[in-house]
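Chemist: So here's final.pdb, just PDB, C-alpha atoms:
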ATOM      1  CA  MET Q 496     -33.199 -15.554  36.911
ATOM      2  CA  ASN Q 497     -35.351 -17.739  34.668
ATOM      3  CA  ASP Q 498     -34.008 -20.944  33.116
ATOM      4  CA  ASP Q 499     -34.098 -19.650  29.526
ATOM      5  CA  LEU Q 500     -32.093 -16.568  30.448
ATOM      6  CA  SER Q 501     -29.592 -18.591  32.446
ATOM      7  CA  SER Q 502     -29.224 -21.137  29.637
ATOM      8  CA  ALA Q 503     -28.681 -18.435  26.994
ATOM      9  CA  ALA Q 504     -26.118 -16.666  29.171
ATOM     10  CA  ASP Q 505     -24.320 -19.958  29.839
ATOM     11  CA  ARG Q 506     -24.155 -20.918  26.161
ATOM     12  CA  PHE Q 507     -23.016 -17.438  25.142
ATOM     13  CA  HIS Q 508     -20.368 -17.386  27.883
ATOM     14  CA  SER Q 509     -18.983 -20.714  26.720
ATOM     15  CA  ALA Q 510     -18.987 -19.656  23.054
ATOM     16  CA  ALA Q 511     -17.310 -16.338  23.869
ATOM     17  CA  ILE Q 512     -14.486 -18.100  25.698
ATOM     18  CA  HIS Q 513     -13.973 -20.498  22.777
ATOM     19  CA  VAL Q 514     -13.990 -17.629  20.266
ATOM     20  CA  LEU Q 515     -11.450 -15.598  22.232
ATOM     21  CA  ARG Q 516      -9.150 -18.580  22.783
ATOM     22  CA  TYR Q 517      -9.328 -19.481  19.105
ATOM     23  CA  ALA Q 518      -8.650 -15.922  17.949
ATOM     24  CA  ALA Q 519      -5.837 -15.494  20.485
ATOM     25  CA  ARG Q 520      -3.823 -18.137  18.638
ATOM     26  CA  GLU Q 521      -2.881 -15.331  16.256
ATOM     27  CA  ASP Q 522      -1.558 -13.043  19.003
ATOM     28  CA  PRO Q 523       2.039 -14.322  19.155
ATOM     29  CA  ALA Q 524       2.512 -12.940  15.629
ATOM     30  CA  SER Q 525       2.219  -9.445  17.147
ATOM     31  CA  GLY Q 526       5.437  -9.980  19.088
ATOM     32  CA  LEU Q 527       3.730  -8.839  22.299
ATOM     33  CA  SER Q 528       2.740 -10.748  25.424
ATOM     34  CA  ALA Q 529      -0.958 -11.192  26.045
ATOM     35  CA  ALA Q 530      -0.803  -8.609  28.868
ATOM     36  CA  ARG Q 531       0.899  -5.988  26.689
ATOM     37  CA  LEU Q 532      -1.431  -6.620  23.771
ATOM     38  CA  SER Q 533      -4.470  -6.325  26.027
ATOM     39  CA  ALA Q 534      -3.283  -3.070  27.632
ATOM     40  CA  LEU Q 535      -2.470  -1.640  24.210
ATOM     41  CA  SER Q 536      -5.964  -2.587  23.041
ATOM     42  CA  VAL Q 537      -7.518  -0.644  25.931
ATOM     43  CA  LEU Q 538      -5.521   2.438  24.923
ATOM     44  CA  VAL Q 539      -6.172   2.145  21.191
ATOM     45  CA  PHE Q 540      -9.911   1.522  21.465
ATOM     46  CA  GLY Q 541     -10.605   3.351  24.735
ATOM     47  CA  GLY Q 542      -8.288   6.322  24.325
ATOM     48  CA  PRO Q 543      -5.649   7.673  26.692
ATOM     49  CA  LYS Q 544      -5.856   6.548  30.318
ATOM     50  CA  THR Q 545      -4.074   7.207  33.559
ATOM     51  CA  LEU Q 546      -1.928   4.351  34.846
ATOM     52  CA  GLY Q 547      -4.568   3.754  37.533
ATOM     53  CA  GLU Q 548      -7.407   3.625  35.018
ATOM     54  CA  LEU Q 549      -5.436   1.244  32.835
ATOM     55  CA  ALA Q 550      -4.621  -1.012  35.803
ATOM     56  CA  ALA Q 551      -8.308  -1.063  36.770
ATOM     57  CA  ALA Q 552      -9.407  -1.833  33.199
ATOM     58  CA  GLU Q 553      -6.938  -4.722  33.023
ATOM     59  CA  GLN Q 554      -7.707  -5.870  36.579
ATOM     60  CA  VAL Q 555      -4.077  -5.750  37.721
ATOM     61  CA  ARG Q 556      -2.289  -3.871  40.472
ATOM     62  CA  PRO Q 557      -0.675  -0.535  39.574
ATOM     63  CA  PRO Q 558       2.925  -1.842  39.910
ATOM     64  CA  THR Q 559       2.122  -4.604  37.420
ATOM     65  CA  MET Q 560       0.643  -2.078  35.000
ATOM     66  CA  THR Q 561       3.697   0.146  35.415
ATOM     67  CA  ARG Q 562       5.886  -2.770  34.244
ATOM     68  CA  ILE Q 563       3.577  -3.509  31.305
ATOM     69  CA  VAL Q 564       3.533   0.152  30.241
ATOM     70  CA  HIS Q 565       7.304   0.366  30.607
ATOM     71  CA  GLY Q 566       7.674  -2.493  28.117
ATOM     72  CA  LEU Q 567       5.205  -0.914  25.699
ATOM     73  CA  GLU Q 568       6.983   2.421  26.034
ATOM     74  CA  LYS Q 569      10.378   0.804  25.403
ATOM     75  CA  ASP Q 570       8.976  -0.653  22.157
ATOM     76  CA  GLY Q 571       7.632   2.761  21.096
ATOM     77  CA  LEU Q 572       4.003   1.644  21.320
ATOM     78  CA  VAL Q 573       2.878   4.073  24.035
ATOM     79  CA  VAL Q 574       4.032   7.337  25.561
ATOM     80  CA  ARG Q 575       3.660   8.484  29.142
ATOM     81  CA  ALA Q 576       3.210  12.023  30.366
ATOM     82  CA  SER Q 577       2.822  13.478  33.838
ATOM     83  CA  ASP Q 578      -0.368  15.328  34.592
ATOM     84  CA  PRO Q 579       0.444  19.053  34.660
ATOM     85  CA  ALA Q 580      -1.925  19.609  37.595
ATOM     86  CA  ASP Q 581      -0.742  16.592  39.623
ATOM     87  CA  ARG Q 582       2.705  15.146  38.852
ATOM     88  CA  ARG Q 583       1.796  11.948  40.738
ATOM     89  CA  ILE Q 584      -0.619  11.048  37.942
ATOM     90  CA  THR Q 585       0.744   9.552  34.739
ATOM     91  CA  HIS Q 586      -1.240   9.559  31.504
ATOM     92  CA  VAL Q 587      -0.606   6.871  28.894
ATOM     93  CA  ARG Q 588      -1.586   6.973  25.227
ATOM     94  CA  ALA Q 589      -0.904   4.744  22.248
ATOM     95  CA  THR Q 590       1.504   6.006  19.609
ATOM     96  CA  ALA Q 591       0.861   5.721  15.874
ATOM     97  CA  LYS Q 592       3.137   2.668  15.872
ATOM     98  CA  GLY Q 593       1.136   1.159  18.743
ATOM     99  CA  LYS Q 594      -2.093   1.715  16.851
ATOM    100  CA  ARG Q 595      -0.655   0.025  13.738
ATOM    101  CA  VAL Q 596       0.587  -2.987  15.739
ATOM    102  CA  LEU Q 597      -2.791  -3.383  17.414
ATOM    103  CA  GLN Q 598      -4.744  -2.973  14.172
ATOM    104  CA  ARG Q 599      -2.607  -5.661  12.489
ATOM    105  CA  ALA Q 600      -3.144  -8.008  15.454
ATOM    106  CA  ARG Q 601      -6.890  -7.371  15.322
ATOM    107  CA  LYS Q 602      -6.921  -7.970  11.570
ATOM    108  CA  ARG Q 603      -5.192 -11.356  12.032
ATOM    109  CA  ARG Q 604      -7.755 -12.350  14.679
ATOM    110  CA  ILE Q 605     -10.676 -11.324  12.480
ATOM    111  CA  GLU Q 606      -9.258 -13.178   9.469
ATOM    112  CA  LYS Q 607      -8.838 -16.309  11.592
ATOM    113  CA  LEU Q 608     -12.451 -16.097  12.772
ATOM    114  CA  ALA Q 609     -13.683 -15.342   9.262
ATOM    115  CA  GLU Q 610     -12.042 -18.576   8.070
ATOM    116  CA  ARG Q 611     -14.169 -20.502  10.559
ATOM    117  CA  LEU Q 612     -17.328 -18.564   9.777
ATOM    118  CA  SER Q 613     -16.859 -19.171   6.042
ATOM    119  CA  SER Q 614     -18.544 -22.556   6.448
ATOM    120  CA  LEU Q 615     -21.804 -20.836   7.389
ATOM    121  CA  ASP Q 616     -24.390 -19.907   4.779
ATOM    122  CA  ALA Q 617     -25.719 -16.364   4.345
ATOM    123  CA  LYS Q 618     -28.709 -16.976   6.617
ATOM    124  CA  GLU Q 619     -26.501 -18.349   9.405
ATOM    125  CA  LEU Q 620     -24.074 -15.441   9.036
ATOM    126  CA  ALA Q 621     -26.987 -13.029   9.409
ATOM    127  CA  VAL Q 622     -27.942 -14.771  12.659
ATOM    128  CA  VAL Q 623     -24.351 -14.432  13.955
ATOM    129  CA  GLU Q 624     -24.344 -10.746  13.008
ATOM    130  CA  GLN Q 625     -27.698 -10.164  14.699
ATOM    131  CA  ALA Q 626     -26.631 -12.037  17.836
ATOM    132  CA  ALA Q 627     -23.436  -9.975  18.067
ATOM    133  CA  THR Q 628     -25.424  -6.770  17.668
ATOM    134  CA  LEU Q 629     -27.952  -7.768  20.329
ATOM    135  CA  VAL Q 630     -25.355  -8.869  22.876
ATOM    136  CA  ASP Q 631     -23.277  -5.737  22.292
ATOM    137  CA  ALA Q 632     -26.353  -3.553  22.781
ATOM    138  CA  ALA Q 633     -27.354  -5.389  25.974
ATOM    139  CA  LEU Q 634     -23.861  -5.036  27.432
ATOM    140  CA  ARG Q 635     -23.659  -1.356  26.544
ATOM    141  CA  ARG Q 636     -27.041  -0.682  28.184
ATOM    142  CA  SER Q 637     -26.099  -2.443  31.386
ATOM    143  CA  SER Q 638     -22.730  -0.695  31.683
ATOM    144  CA  ALA Q 639     -23.949   2.795  30.833
ATOM    145  CA  PRO Q 640     -23.606   5.301  33.658
ATOM    146  CA  PRO Q 641     -26.888   6.120  35.372
ATOM    147  CA  ARG Q 642     -28.743   9.049  33.913
ATOM    148  CA  PRO Q 643     -28.933  12.171  36.049
ATOM    149  CA  PRO Q 644     -32.377  12.920  37.475
ATOM    150  CA  ALA Q 645     -34.609  14.990  35.238
ATOM    151  CA  ARG Q 646     -34.733  18.683  36.047
ATOM    152  CA  GLY Q 647     -37.815  20.776  36.378
ATOM    153  CA  GLY Q 648     -41.353  19.461  35.982
ATOM    154  CA  ALA Q 649     -42.738  16.162  37.088
TER     155      ALA Q 649
END
Would you mind giving the structure from this file in structure tokens?

Modeler:
Amino acid sequence: MNDDLSSAADRFHSAAIHVLRYAAREDPASGLSAARLSALSVLVFGGPKTLGELAAAEQVRPPTMTRIVHGLEKDGLVVRASDPADRRITHVRATAKGKRVLQRARKRRIEKLAERLSSLDAKELAVVEQAATLVDAALRRSSAPPRPPARGGA
């Protein structure tokens, strides 16, 4: 890896951590623990998941995710359903209430960040917007599933 690439990745990594920590100061207003809020976010933005998929996405063991989902379910934020083809598999999806709670939490985070970004001028804001777009595109490219081999001709 060249020095410029390493330096850019290092600076972005550091900034991303600071941004997330700063924005997370608003999370207690949601009334949810960080783990519950994160799992709910996966379901709201990623769609329904099995318990196993959700545990993998959150990098926790399945029993831990079961406890998190139980709490979310108790609060009416998610619902669980057994897979009709395999009763051992449990599907989890966010409820309308869960989506509202998550959207409000996201809105508070964005407002908090917008307060900080308000000190930037229009040109600087455009740079932030462009950087976010570029990083998002690079991450989406690198995490995309491999394309199947082309069929037919050479």

Chemist: Near range 580-586 of chain Q, within 7 Å and counting only C-alpha atoms, which residues show up once chain neighbours fewer than 6 positions away are dropped, as a list in words?

Modeler: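 With the cut-off at 7 Å, the set is Pro543, Lys544, Thr545 and Leu546 of chain Q.
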
Chemist: Please write the residues from the selection above to a file, keeping C-alpha atoms, as a compact mmCIF listing (two decimals), keeping the file's coordinate frame.

Modeler:
# COMPACT_ATOMS: atom_id res chain seq x y z
CA PRO Q 543 -5.65 7.67 26.69
CA LYS Q 544 -5.86 6.55 30.32
CA THR Q 545 -4.07 7.21 33.56
CA LEU Q 546 -1.93 4.35 34.85

Chemist: Tell me, in Å to one decimal, how far CA of Ser577 in chain Q is from CA of Arg599 in chain Q.

Modeler: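 One can read the CA of Ser577 in chain Q to CA of Arg599 in chain Q distance as 29.2 Å.
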
Chemist: When you look at Arg604 in chain Q with a cut-off of 12 Å (counting only C-alpha atoms), what residues show up, excluding the ones that are within fewer than 5 positions of it in the same chain? I need them as a ChimeraX atom specification.

Modeler: /Q:514-525,597-599,609-611

Chemist: Any chance you could work out the residue set of the PyMOL selection byres ((chain Q and resi 550) around 12) here, as a PDB file with C-alpha atoms, keeping the file's coordinate frame?

Modeler:
ATOM      1  CA  ALA Q 530      -0.803  -8.609  28.868  1.00  0.00           C
ATOM      2  CA  ARG Q 531       0.899  -5.988  26.689  1.00  0.00           C
ATOM      3  CA  SER Q 533      -4.470  -6.325  26.027  1.00  0.00           C
ATOM      4  CA  ALA Q 534      -3.283  -3.070  27.632  1.00  0.00           C
ATOM      5  CA  LEU Q 535      -2.470  -1.640  24.210  1.00  0.00           C
ATOM      6  CA  VAL Q 537      -7.518  -0.644  25.931  1.00  0.00           C
ATOM      7  CA  LEU Q 538      -5.521   2.438  24.923  1.00  0.00           C
ATOM      8  CA  LYS Q 544      -5.856   6.548  30.318  1.00  0.00           C
ATOM      9  CA  THR Q 545      -4.074   7.207  33.559  1.00  0.00           C
ATOM     10  CA  LEU Q 546      -1.928   4.351  34.846  1.00  0.00           C
ATOM     11  CA  GLY Q 547      -4.568   3.754  37.533  1.00  0.00           C
ATOM     12  CA  GLU Q 548      -7.407   3.625  35.018  1.00  0.00           C
ATOM     13  CA  LEU Q 549      -5.436   1.244  32.835  1.00  0.00           C
ATOM     14  CA  ALA Q 551      -8.308  -1.063  36.770  1.00  0.00           C
ATOM     15  CA  ALA Q 552      -9.407  -1.833  33.199  1.00  0.00           C
ATOM     16  CA  GLU Q 553      -6.938  -4.722  33.023  1.00  0.00           C
ATOM     17  CA  GLN Q 554      -7.707  -5.870  36.579  1.00  0.00           C
ATOM     18  CA  VAL Q 555      -4.077  -5.750  37.721  1.00  0.00           C
ATOM     19  CA  ARG Q 556      -2.289  -3.871  40.472  1.00  0.00           C
ATOM     20  CA  PRO Q 557      -0.675  -0.535  39.574  1.00  0.00           C
ATOM     21  CA  PRO Q 558       2.925  -1.842  39.910  1.00  0.00           C
ATOM     22  CA  THR Q 559       2.122  -4.604  37.420  1.00  0.00           C
ATOM     23  CA  MET Q 560       0.643  -2.078  35.000  1.00  0.00           C
ATOM     24  CA  THR Q 561       3.697   0.146  35.415  1.00  0.00           C
ATOM     25  CA  ARG Q 562       5.886  -2.770  34.244  1.00  0.00           C
ATOM     26  CA  ILE Q 563       3.577  -3.509  31.305  1.00  0.00           C
ATOM     27  CA  VAL Q 564       3.533   0.152  30.241  1.00  0.00           C
ATOM     28  CA  THR Q 585       0.744   9.552  34.739  1.00  0.00           C
ATOM     29  CA  HIS Q 586      -1.240   9.559  31.504  1.00  0.00           C
ATOM     30  CA  VAL Q 587      -0.606   6.871  28.894  1.00  0.00           C
TER      31      VAL Q 587
END

Chemist: With all atoms listed in the file as the basis for distance, which of Q:Lys602, Q:Gly593, Q:Arg588, Q:Ala621 is at the shortest distance from Gly571 in chain Q?

Modeler: Q:Gly593

Chemist: Could you please determine the separation between CA of Leu634 in chain Q and CA of Met496 in chain Q in Å, to one decimal place?

Modeler: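 Result for CA of Leu634 in chain Q versus CA of Met496 in chain Q: 17.0 Å, one decimal.
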
Chemist: Would you mind reading off the distance between CA of Gly526 in chain Q and CA of Asp570 in chain Q, one decimal, in Å?

Modeler: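 CA of Gly526 in chain Q sits 10.4 Å away from CA of Asp570 in chain Q.
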
Chemist: Nearest to Ala589 in chain Q among Q:Val630, Q:Leu615, Q:Leu532, Q:Leu620, with distances taken over all atoms listed in the file: which residue is it?

Modeler: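 With all atoms listed in the file as the atom set, the closest residue is Q:Leu532.
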
Chemist: Kindly indicate which residue among Q:Ile512, Q:Ala503, Q:Val539, Q:Leu608 lies nearest to Val596 in chain Q, using all atoms listed in the file for the distances.

Modeler: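 Of Q:Ile512, Q:Ala503, Q:Val539, Q:Leu608, the one nearest Val596 in chain Q, counting all atoms listed in the file, is Q:Val539.
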